[in-house]
Structures are given as structure tokens and as C-alpha cells.
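The structure file data31.txt is reproduced below (compact mmCIF, C-alpha atoms).
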```
# COMPACT_ATOMS: atom_id res chain seq x y z
CA GLU A 16 -3.13 10.03 -16.18
CA PRO A 17 -5.08 10.86 -13.01
CA GLU A 18 -3.19 10.47 -9.77
CA VAL A 19 -3.58 10.81 -6.03
CA THR A 20 -1.78 13.82 -4.60
CA GLN A 21 -0.74 14.49 -1.02
CA THR A 22 0.41 17.58 0.83
CA PRO A 23 2.72 18.36 2.41
CA SER A 24 5.44 15.98 1.29
CA HIS A 25 7.19 16.38 4.64
CA GLN A 26 5.81 17.65 7.94
CA VAL A 27 7.83 18.23 11.06
CA THR A 28 5.96 18.82 14.30
CA GLN A 29 6.48 18.91 18.03
CA MET A 30 5.08 16.16 20.22
CA GLY A 31 1.59 17.02 21.39
CA GLN A 32 0.78 19.22 18.41
CA GLU A 33 -2.06 18.59 15.99
CA VAL A 34 -1.32 17.82 12.36
CA ILE A 35 -3.55 17.55 9.33
CA LEU A 36 -2.39 15.55 6.35
CA ARG A 37 -4.14 16.29 3.10
CA CYS A 38 -4.95 14.13 0.13
CA VAL A 39 -6.72 14.74 -3.14
CA PRO A 40 -7.99 11.38 -4.41
CA ILE A 41 -8.69 10.63 -8.04
CA SER A 42 -11.80 12.60 -8.91
CA ASN A 43 -14.33 9.84 -9.69
CA HIS A 44 -13.21 7.50 -6.93
CA LEU A 45 -15.53 6.60 -4.08
CA TYR A 46 -13.38 4.68 -1.62
CA PHE A 47 -10.60 6.33 0.33
CA TYR A 48 -7.90 4.94 2.56
CA TRP A 49 -5.03 5.92 4.80
CA TYR A 50 -2.04 3.69 5.40
CA ARG A 51 1.19 4.33 7.22
CA GLN A 52 4.69 2.96 7.00
CA ILE A 53 7.06 3.35 9.90
CA LEU A 54 10.64 3.54 8.67
CA GLY A 55 11.90 0.08 7.76
CA GLN A 56 8.57 -1.60 8.42
CA LYS A 57 5.67 -2.73 6.32
CA VAL A 58 2.78 -0.65 5.13
CA GLU A 59 -0.12 -0.82 7.61
CA PHE A 60 -3.79 -0.09 7.05
CA LEU A 61 -5.24 2.69 9.17
CA VAL A 62 -8.72 3.46 7.95
CA SER A 63 -11.11 3.20 5.03
CA PHE A 64 -13.83 5.72 4.19
CA TYR A 65 -16.88 5.44 1.99
CA ASN A 66 -20.09 7.41 1.66
CA ASN A 67 -18.88 10.00 4.14
CA GLU A 68 -18.22 7.60 6.93
CA ILE A 69 -15.56 5.26 8.19
CA SER A 70 -15.98 1.74 6.82
CA GLU A 71 -13.24 0.05 8.77
CA LYS A 72 -10.39 1.07 11.02
CA SER A 73 -7.43 -0.70 12.50
CA GLU A 74 -6.41 -0.83 16.14
CA ILE A 75 -3.82 1.81 15.34
CA PHE A 76 -6.57 4.28 14.49
CA ASP A 77 -7.45 5.34 18.03
CA ASP A 78 -9.25 8.43 19.31
CA GLN A 79 -6.28 10.62 18.40
CA PHE A 80 -6.97 10.03 14.72
CA SER A 81 -9.83 11.30 12.61
CA VAL A 82 -10.61 11.51 8.93
CA GLU A 83 -12.76 13.90 7.01
CA ARG A 84 -13.85 14.68 3.49
CA PRO A 85 -14.54 18.39 3.96
CA ASP A 86 -15.45 19.05 0.34
CA GLY A 87 -15.80 17.13 -2.88
CA SER A 88 -12.11 16.77 -3.48
CA ASN A 89 -10.04 16.63 -0.30
CA PHE A 90 -9.61 13.77 2.14
CA THR A 91 -7.79 14.57 5.36
CA LEU A 92 -6.20 12.69 8.22
CA LYS A 93 -5.93 14.54 11.52
CA ILE A 94 -3.78 13.49 14.42
CA ARG A 95 -4.96 15.42 17.44
CA SER A 96 -1.95 15.18 19.73
CA THR A 97 1.06 13.68 18.03
CA LYS A 98 3.37 11.22 19.72
CA LEU A 99 6.90 10.27 18.83
CA GLU A 100 5.68 6.91 17.56
CA ASP A 101 3.44 8.63 15.02
CA SER A 102 6.54 9.41 12.99
CA ALA A 103 6.02 7.56 9.72
CA MET A 104 5.21 7.92 6.05
CA TYR A 105 1.47 8.29 5.60
CA PHE A 106 -0.06 7.16 2.32
CA CYS A 107 -3.45 8.06 1.01
CA ALA A 108 -5.12 5.76 -1.50
CA SER A 109 -8.35 5.76 -3.47
CA SER A 110 -10.27 3.33 -5.61
CA GLY A 111 -13.26 3.49 -7.90
CA GLY A 112 -14.94 0.45 -6.44
CA ILE A 113 -14.57 -1.98 -3.62
CA MET A 114 -13.03 -4.55 -5.93
CA ASN A 115 -10.94 -2.07 -7.86
CA GLU A 116 -7.27 -1.49 -7.39
CA GLN A 117 -6.15 1.17 -4.98
CA PHE A 118 -4.07 4.02 -6.29
CA PHE A 119 -1.57 5.40 -3.82
CA GLY A 120 -0.31 8.90 -3.39
CA PRO A 121 3.40 9.71 -2.96
CA GLY A 122 3.04 9.96 0.81
CA THR A 123 3.63 12.51 3.55
CA ARG A 124 6.60 11.94 5.78
CA LEU A 125 5.64 12.97 9.31
CA THR A 126 8.42 13.58 11.79
CA VAL A 127 7.45 14.14 15.42
CA LEU A 128 10.15 15.67 17.61
CA ALA B 19 -7.34 -12.72 9.75
CA GLN B 20 -5.56 -12.24 6.48
CA SER B 21 -1.77 -12.17 6.40
CA VAL B 22 1.06 -12.07 3.89
CA THR B 23 4.53 -13.51 4.20
CA GLN B 24 7.46 -12.48 2.09
CA PRO B 25 10.25 -14.76 3.26
CA ASP B 26 13.08 -12.95 1.50
CA ILE B 27 14.01 -9.64 3.10
CA HIS B 28 16.78 -8.83 0.65
CA ILE B 29 17.67 -10.30 -2.74
CA THR B 30 20.57 -9.41 -5.00
CA VAL B 31 20.62 -10.36 -8.67
CA SER B 32 22.80 -9.46 -11.60
CA GLU B 33 21.38 -7.35 -14.36
CA GLY B 34 19.97 -9.62 -17.04
CA ALA B 35 19.36 -12.49 -14.65
CA SER B 36 15.92 -13.84 -13.91
CA LEU B 37 14.06 -12.93 -10.74
CA GLU B 38 11.49 -14.58 -8.53
CA LEU B 39 10.13 -12.93 -5.39
CA ARG B 40 8.13 -15.13 -3.11
CA CYS B 41 4.81 -14.34 -1.50
CA ASN B 42 2.57 -16.56 0.60
CA TYR B 43 -0.78 -15.48 1.91
CA SER B 44 -3.26 -16.64 4.47
CA TYR B 45 -6.90 -15.93 3.85
CA GLY B 46 -10.12 -17.82 4.36
CA ALA B 47 -11.46 -17.43 0.85
CA THR B 48 -10.19 -16.52 -2.59
CA PRO B 49 -8.28 -13.31 -2.13
CA TYR B 50 -7.45 -10.37 -4.27
CA LEU B 51 -3.66 -10.35 -4.62
CA PHE B 52 -1.39 -7.50 -5.58
CA TRP B 53 2.24 -6.67 -6.10
CA TYR B 54 3.37 -3.11 -5.51
CA VAL B 55 6.79 -1.57 -6.04
CA GLN B 56 8.27 1.27 -4.04
CA SER B 57 11.34 3.09 -5.27
CA PRO B 58 13.38 5.07 -2.73
CA GLY B 59 11.47 8.11 -1.56
CA GLN B 60 8.51 7.26 -3.74
CA GLY B 61 5.00 6.02 -3.20
CA LEU B 62 3.59 2.62 -4.07
CA GLN B 63 3.04 1.72 -7.68
CA LEU B 64 0.87 -1.22 -8.67
CA LEU B 65 2.73 -3.80 -10.75
CA LEU B 66 -0.07 -6.31 -11.21
CA LYS B 67 -3.11 -7.81 -9.59
CA TYR B 68 -5.05 -11.04 -9.49
CA PHE B 69 -8.78 -11.10 -8.99
CA SER B 70 -9.94 -14.23 -10.79
CA GLY B 71 -9.54 -16.16 -14.02
CA ASP B 72 -6.16 -16.93 -15.55
CA THR B 73 -3.74 -17.68 -12.74
CA LEU B 74 -0.79 -16.21 -14.63
CA VAL B 75 -1.11 -12.45 -14.70
CA GLN B 76 0.96 -9.98 -16.61
CA GLY B 77 1.89 -6.61 -15.22
CA ILE B 78 3.84 -3.53 -16.09
CA LYS B 79 7.59 -3.34 -16.65
CA GLY B 80 7.74 -6.96 -17.84
CA PHE B 81 6.67 -8.50 -14.53
CA GLU B 82 4.33 -11.45 -14.16
CA ALA B 83 2.96 -13.41 -11.22
CA GLU B 84 1.34 -16.78 -10.83
CA PHE B 85 -1.43 -17.56 -8.37
CA LYS B 86 -1.18 -21.07 -6.96
CA ARG B 87 -4.11 -21.82 -4.71
CA SER B 88 -2.70 -25.16 -3.54
CA GLN B 89 0.43 -23.43 -2.27
CA SER B 90 -1.24 -20.18 -1.16
CA SER B 91 1.38 -18.40 -3.18
CA PHE B 92 1.57 -15.48 -5.57
CA ASN B 93 5.19 -15.25 -6.65
CA LEU B 94 6.45 -12.40 -8.78
CA ARG B 95 8.77 -13.12 -11.69
CA LYS B 96 10.74 -11.31 -14.32
CA PRO B 97 12.84 -13.10 -16.95
CA SER B 98 15.54 -10.44 -17.23
CA VAL B 99 16.12 -7.83 -14.55
CA HIS B 100 17.17 -4.28 -15.37
CA TRP B 101 19.17 -2.03 -13.04
CA SER B 102 16.14 0.25 -12.77
CA ASP B 103 14.20 -2.58 -11.11
CA ALA B 104 16.13 -2.04 -7.88
CA ALA B 105 13.44 -1.15 -5.36
CA GLU B 106 11.31 -2.59 -2.58
CA TYR B 107 8.55 -4.97 -3.59
CA PHE B 108 5.44 -5.54 -1.55
CA CYS B 109 2.91 -8.30 -1.90
CA ALA B 110 -0.57 -7.50 -0.59
CA VAL B 111 -3.87 -9.26 -0.11
CA GLY B 112 -7.34 -7.76 0.04
CA PRO B 113 -10.71 -9.27 0.80
CA LEU B 114 -13.39 -9.83 -1.81
CA THR B 115 -16.30 -8.56 0.25
CA GLY B 116 -17.03 -5.94 2.80
CA THR B 117 -17.77 -2.28 2.71
CA ALA B 118 -14.21 -1.45 1.75
CA SER B 119 -11.15 -3.37 0.80
CA LYS B 120 -8.27 -2.90 3.19
CA LEU B 121 -4.98 -4.23 1.95
CA THR B 122 -2.69 -6.27 4.14
CA PHE B 123 0.92 -5.96 3.08
CA GLY B 124 3.88 -8.22 3.52
CA THR B 125 7.09 -6.92 5.02
CA GLY B 126 8.61 -6.37 1.60
CA THR B 127 11.60 -7.65 -0.33
CA ARG B 128 14.37 -5.26 -1.16
CA LEU B 129 15.85 -5.99 -4.58
CA GLN B 130 19.38 -4.98 -5.35
CA VAL B 131 20.65 -5.26 -8.93
CA THR B 132 24.35 -5.53 -9.64
CA LEU B 133 25.81 -4.49 -12.96
```
Turn this file's structure into C-alpha cells for me.
Amino acid sequence: EPEVTQTPSHQVTQMGQEVILRCVPISNHLYFYWYRQILGQKVEFLVSFYNNEISEKSEIFDDQFSVERPDGSNFTLKIRSTKLEDSAMYFCASSGGIMNEQFFGPGTRLTVL
Amino acid sequence: AQSVTQPDIHITVSEGASLELRCNYSYGATPYLFWYVQSPGQGLQLLLKYFSGDTLVQGIKGFEAEFKRSQSSFNLRKPSVHWSDAAEYFCAVGPLTGTASKLTFGTGTRLQVTL
């Protein structure tokens, strides 16, 4: 069964450093998403991406964040200068259509020291 | 703005007992509704979804949920809980239109199963 994969599973970084979180969505999907979950809190929407551009972003997704689909398979989330409060589990999701269910990856746990 | 409320933070049930997890949503039109499950250290797995049609939807692992428009609810049920069902359960709502469908999640209900 096709699945969304994410790498790395755990990333530790120093405050102020740049990190890139990688996702490989399901191959025939067209819509891509990033969510995050701070420890003990609910899952929050960050950004959606379709047709090589951002469709919608939340207030969390400020200028420090960017997304990219550099090739036909990867979907990345970059945090330019990490802050302590960026520590969270980051989930990538993809769907085949706007009304289709979203399939989530296993997540990347980001720890900012 | 859409929102989801899961009033129960933590529920404990005995194995074999029935289960109902509550979810209330706020949305201006007919929403897409979802239940996801998250086991410790794992990602989110879709249990079931409601888009339209029959208001009682069946999902995986023996779960079902009923959409009640008059109560703005989408409660998750299981007639007999298994120890492996211990996990965190999230209700989510997504819009029907737009250029992409962002999901809004509730705060989750942690289910503990006693033997």
C-alpha cells in the first residue's frame, strides 16, 4: 500500500540554524500539506501546496518557513532560523484531490536546543 | 472559522466495554469530518470519514461514527474495545471548497484500556 514517508525521523538542531524536513508524498497525489504538533497539543495546519504554489498558509507559517517541491517526488519544509518554539513533530500529508482524504506520514520530531 | 471540540481529554474503559468519543464541530456549511488515531510515537491514521450520504459511517478496526447535523456532532463509537485501541483519537473537520483542504483538528482524546 502506498504511503507518505518522511526523513529524518528525528532532527536535533541549535537555535538559529536552518533545517530542511523532507517528505515523499504518495506518487499520484497532487495536494501536499504540512502540519505540526507541539508536544501535548493538537495538530495544527501550517501550509497547503498545489500546482507548485502555496494554496493556503496559517499565521504560524511566517517568513521563516518555506516549502518547495524541488523535483517530482520530494516535498520539503525549510525553517530558515529555528527558534526554541519550533520544537514539535512535523507531519507531511498528501491527497489525490481536494475532497480526498489526506494521508499522513510518520512525522519528523524536531528538537531545537 | 471552523473549529472542533473534543470535550473529553482522557477516557478509560475496560477491555470489552463499549466506547463513545465525542466530537462537536463549528462550520458554516456541511463539513468533511474525519477521525484519526495516533498511537504513541506514530503518525496519524485515518479511521473513517464523512463526506455526504449515509450519516452512519463505518471505518477500520470496527469503529463507526454518526454525523448529526442538528447537534453539530460526529461521535466515534466502538461496541467492544480491545487493549490495542489504546491511543490518542483526533476528530478533524475540513472545508468542502477552496483550492486545498486544510484540516482543523480537535485537541484529542486519550483512550486508556484496562484489562
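Using only C-alpha atoms, the part of chain A that sits within 8 Å of chain B is made up of Tyr46, Tyr48, Gln56, Lys57, Val58, Glu59, Phe60, Val62, Ser63, Phe64, Tyr65, Ser70, Glu71, Phe106, Ile113, Met114, Glu116, Phe118, Phe119, Gly120, Pro121 and Gly122 of chain A.
Nearest to B:Asn42 of all the residues B:Val22, B:Ala83, B:Leu133, B:Ile29 is B:Val22, counting only C-alpha atoms.
The spacing separating atom CA of A:Val34 from atom CA of A:Leu125 amounts to 9.0 Å.
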As a check of understanding: the span from atom CA of B:Thr73 to atom CA of B:Lys96 is 15.9 Å
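Within the 12 Å cut-off around B:Asp26, using all atoms listed in the file and omitting residues fewer than 4 positions from it on the same chain, the listed residues are Thr30, Glu38, Leu39, Arg40, Cys41, Asn42, Asn93, Glu106, Tyr107, Phe108, Cys109, Gly124, Thr125, Gly126, Thr127, Arg128 and Leu129 of chain B.
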Requested write-out: C-alpha atoms of the selected residues, as a PDB file, keeping the file's coordinate frame:
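Dumped everything to selection06.pdb:
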```
ATOM      1  CA  THR B  30      20.570  -9.410  -5.000  1.00  0.00           C
ATOM      2  CA  GLU B  38      11.490 -14.580  -8.530  1.00  0.00           C
ATOM      3  CA  LEU B  39      10.130 -12.930  -5.390  1.00  0.00           C
ATOM      4  CA  ARG B  40       8.130 -15.130  -3.110  1.00  0.00           C
ATOM      5  CA  CYS B  41       4.810 -14.340  -1.500  1.00  0.00           C
ATOM      6  CA  ASN B  42       2.570 -16.560   0.600  1.00  0.00           C
ATOM      7  CA  ASN B  93       5.190 -15.250  -6.650  1.00  0.00           C
ATOM      8  CA  GLU B 106      11.310  -2.590  -2.580  1.00  0.00           C
ATOM      9  CA  TYR B 107       8.550  -4.970  -3.590  1.00  0.00           C
ATOM     10  CA  PHE B 108       5.440  -5.540  -1.550  1.00  0.00           C
ATOM     11  CA  CYS B 109       2.910  -8.300  -1.900  1.00  0.00           C
ATOM     12  CA  GLY B 124       3.880  -8.220   3.520  1.00  0.00           C
ATOM     13  CA  THR B 125       7.090  -6.920   5.020  1.00  0.00           C
ATOM     14  CA  GLY B 126       8.610  -6.370   1.600  1.00  0.00           C
ATOM     15  CA  THR B 127      11.600  -7.650  -0.330  1.00  0.00           C
ATOM     16  CA  ARG B 128      14.370  -5.260  -1.160  1.00  0.00           C
ATOM     17  CA  LEU B 129      15.850  -5.990  -4.580  1.00  0.00           C
TER      18      LEU B 129
END
```
Kindly output stretch 26-43 of chain B as a compact mmCIF listing (two decimals), keeping the file's coordinate frame, after building N, CA, C and O atoms.
```txt
# COMPACT_ATOMS: atom_id res chain seq x y z
N ASP B 26 11.78 -13.52 1.85
CA ASP B 26 13.08 -12.95 1.50
C ASP B 26 13.09 -11.46 1.80
O ASP B 26 12.36 -10.70 1.18
N ILE B 27 13.93 -11.06 2.75
CA ILE B 27 14.01 -9.64 3.10
C ILE B 27 14.80 -8.87 2.05
O ILE B 27 14.47 -7.73 1.70
N HIS B 28 15.86 -9.52 1.55
CA HIS B 28 16.78 -8.83 0.65
C HIS B 28 17.26 -9.84 -0.40
O HIS B 28 17.66 -10.95 -0.05
N ILE B 29 17.18 -9.45 -1.65
CA ILE B 29 17.67 -10.30 -2.74
C ILE B 29 18.56 -9.47 -3.64
O ILE B 29 18.26 -8.31 -3.94
N THR B 30 19.67 -10.07 -4.06
CA THR B 30 20.57 -9.41 -5.00
C THR B 30 20.68 -10.27 -6.25
O THR B 30 20.94 -11.47 -6.15
N VAL B 31 20.47 -9.65 -7.39
CA VAL B 31 20.62 -10.36 -8.67
C VAL B 31 21.45 -9.51 -9.61
O VAL B 31 21.53 -8.28 -9.47
N SER B 32 22.05 -10.17 -10.57
CA SER B 32 22.80 -9.46 -11.60
C SER B 32 21.86 -8.98 -12.68
O SER B 32 20.84 -9.63 -12.97
N GLU B 33 22.19 -7.86 -13.26
CA GLU B 33 21.38 -7.35 -14.36
C GLU B 33 21.35 -8.39 -15.48
O GLU B 33 22.38 -8.97 -15.84
N GLY B 34 20.16 -8.62 -16.02
CA GLY B 34 19.97 -9.62 -17.04
C GLY B 34 19.57 -10.99 -16.52
O GLY B 34 19.08 -11.83 -17.28
N ALA B 35 19.75 -11.21 -15.25
CA ALA B 35 19.36 -12.49 -14.65
C ALA B 35 17.86 -12.51 -14.40
O ALA B 35 17.19 -11.47 -14.38
N SER B 36 17.34 -13.71 -14.20
CA SER B 36 15.92 -13.84 -13.91
C SER B 36 15.68 -13.59 -12.42
O SER B 36 16.60 -13.65 -11.60
N LEU B 37 14.42 -13.31 -12.11
CA LEU B 37 14.06 -12.93 -10.74
C LEU B 37 12.77 -13.63 -10.33
O LEU B 37 11.85 -13.76 -11.14
N GLU B 38 12.74 -14.10 -9.11
CA GLU B 38 11.49 -14.58 -8.53
C GLU B 38 11.43 -14.12 -7.08
O GLU B 38 12.32 -14.42 -6.29
N LEU B 39 10.39 -13.38 -6.76
CA LEU B 39 10.13 -12.93 -5.39
C LEU B 39 8.95 -13.71 -4.85
O LEU B 39 7.89 -13.77 -5.48
N ARG B 40 9.13 -14.24 -3.65
CA ARG B 40 8.13 -15.13 -3.11
C ARG B 40 7.10 -14.40 -2.25
O ARG B 40 7.44 -13.43 -1.55
N CYS B 41 5.89 -14.89 -2.31
CA CYS B 41 4.81 -14.34 -1.50
C CYS B 41 3.85 -15.47 -1.15
O CYS B 41 3.39 -16.19 -2.03
N ASN B 42 3.58 -15.62 0.14
CA ASN B 42 2.57 -16.56 0.60
C ASN B 42 1.52 -15.80 1.39
O ASN B 42 1.85 -14.87 2.12
N TYR B 43 0.29 -16.19 1.23
CA TYR B 43 -0.78 -15.48 1.91
C TYR B 43 -1.61 -16.45 2.73
O TYR B 43 -1.61 -17.67 2.51
```
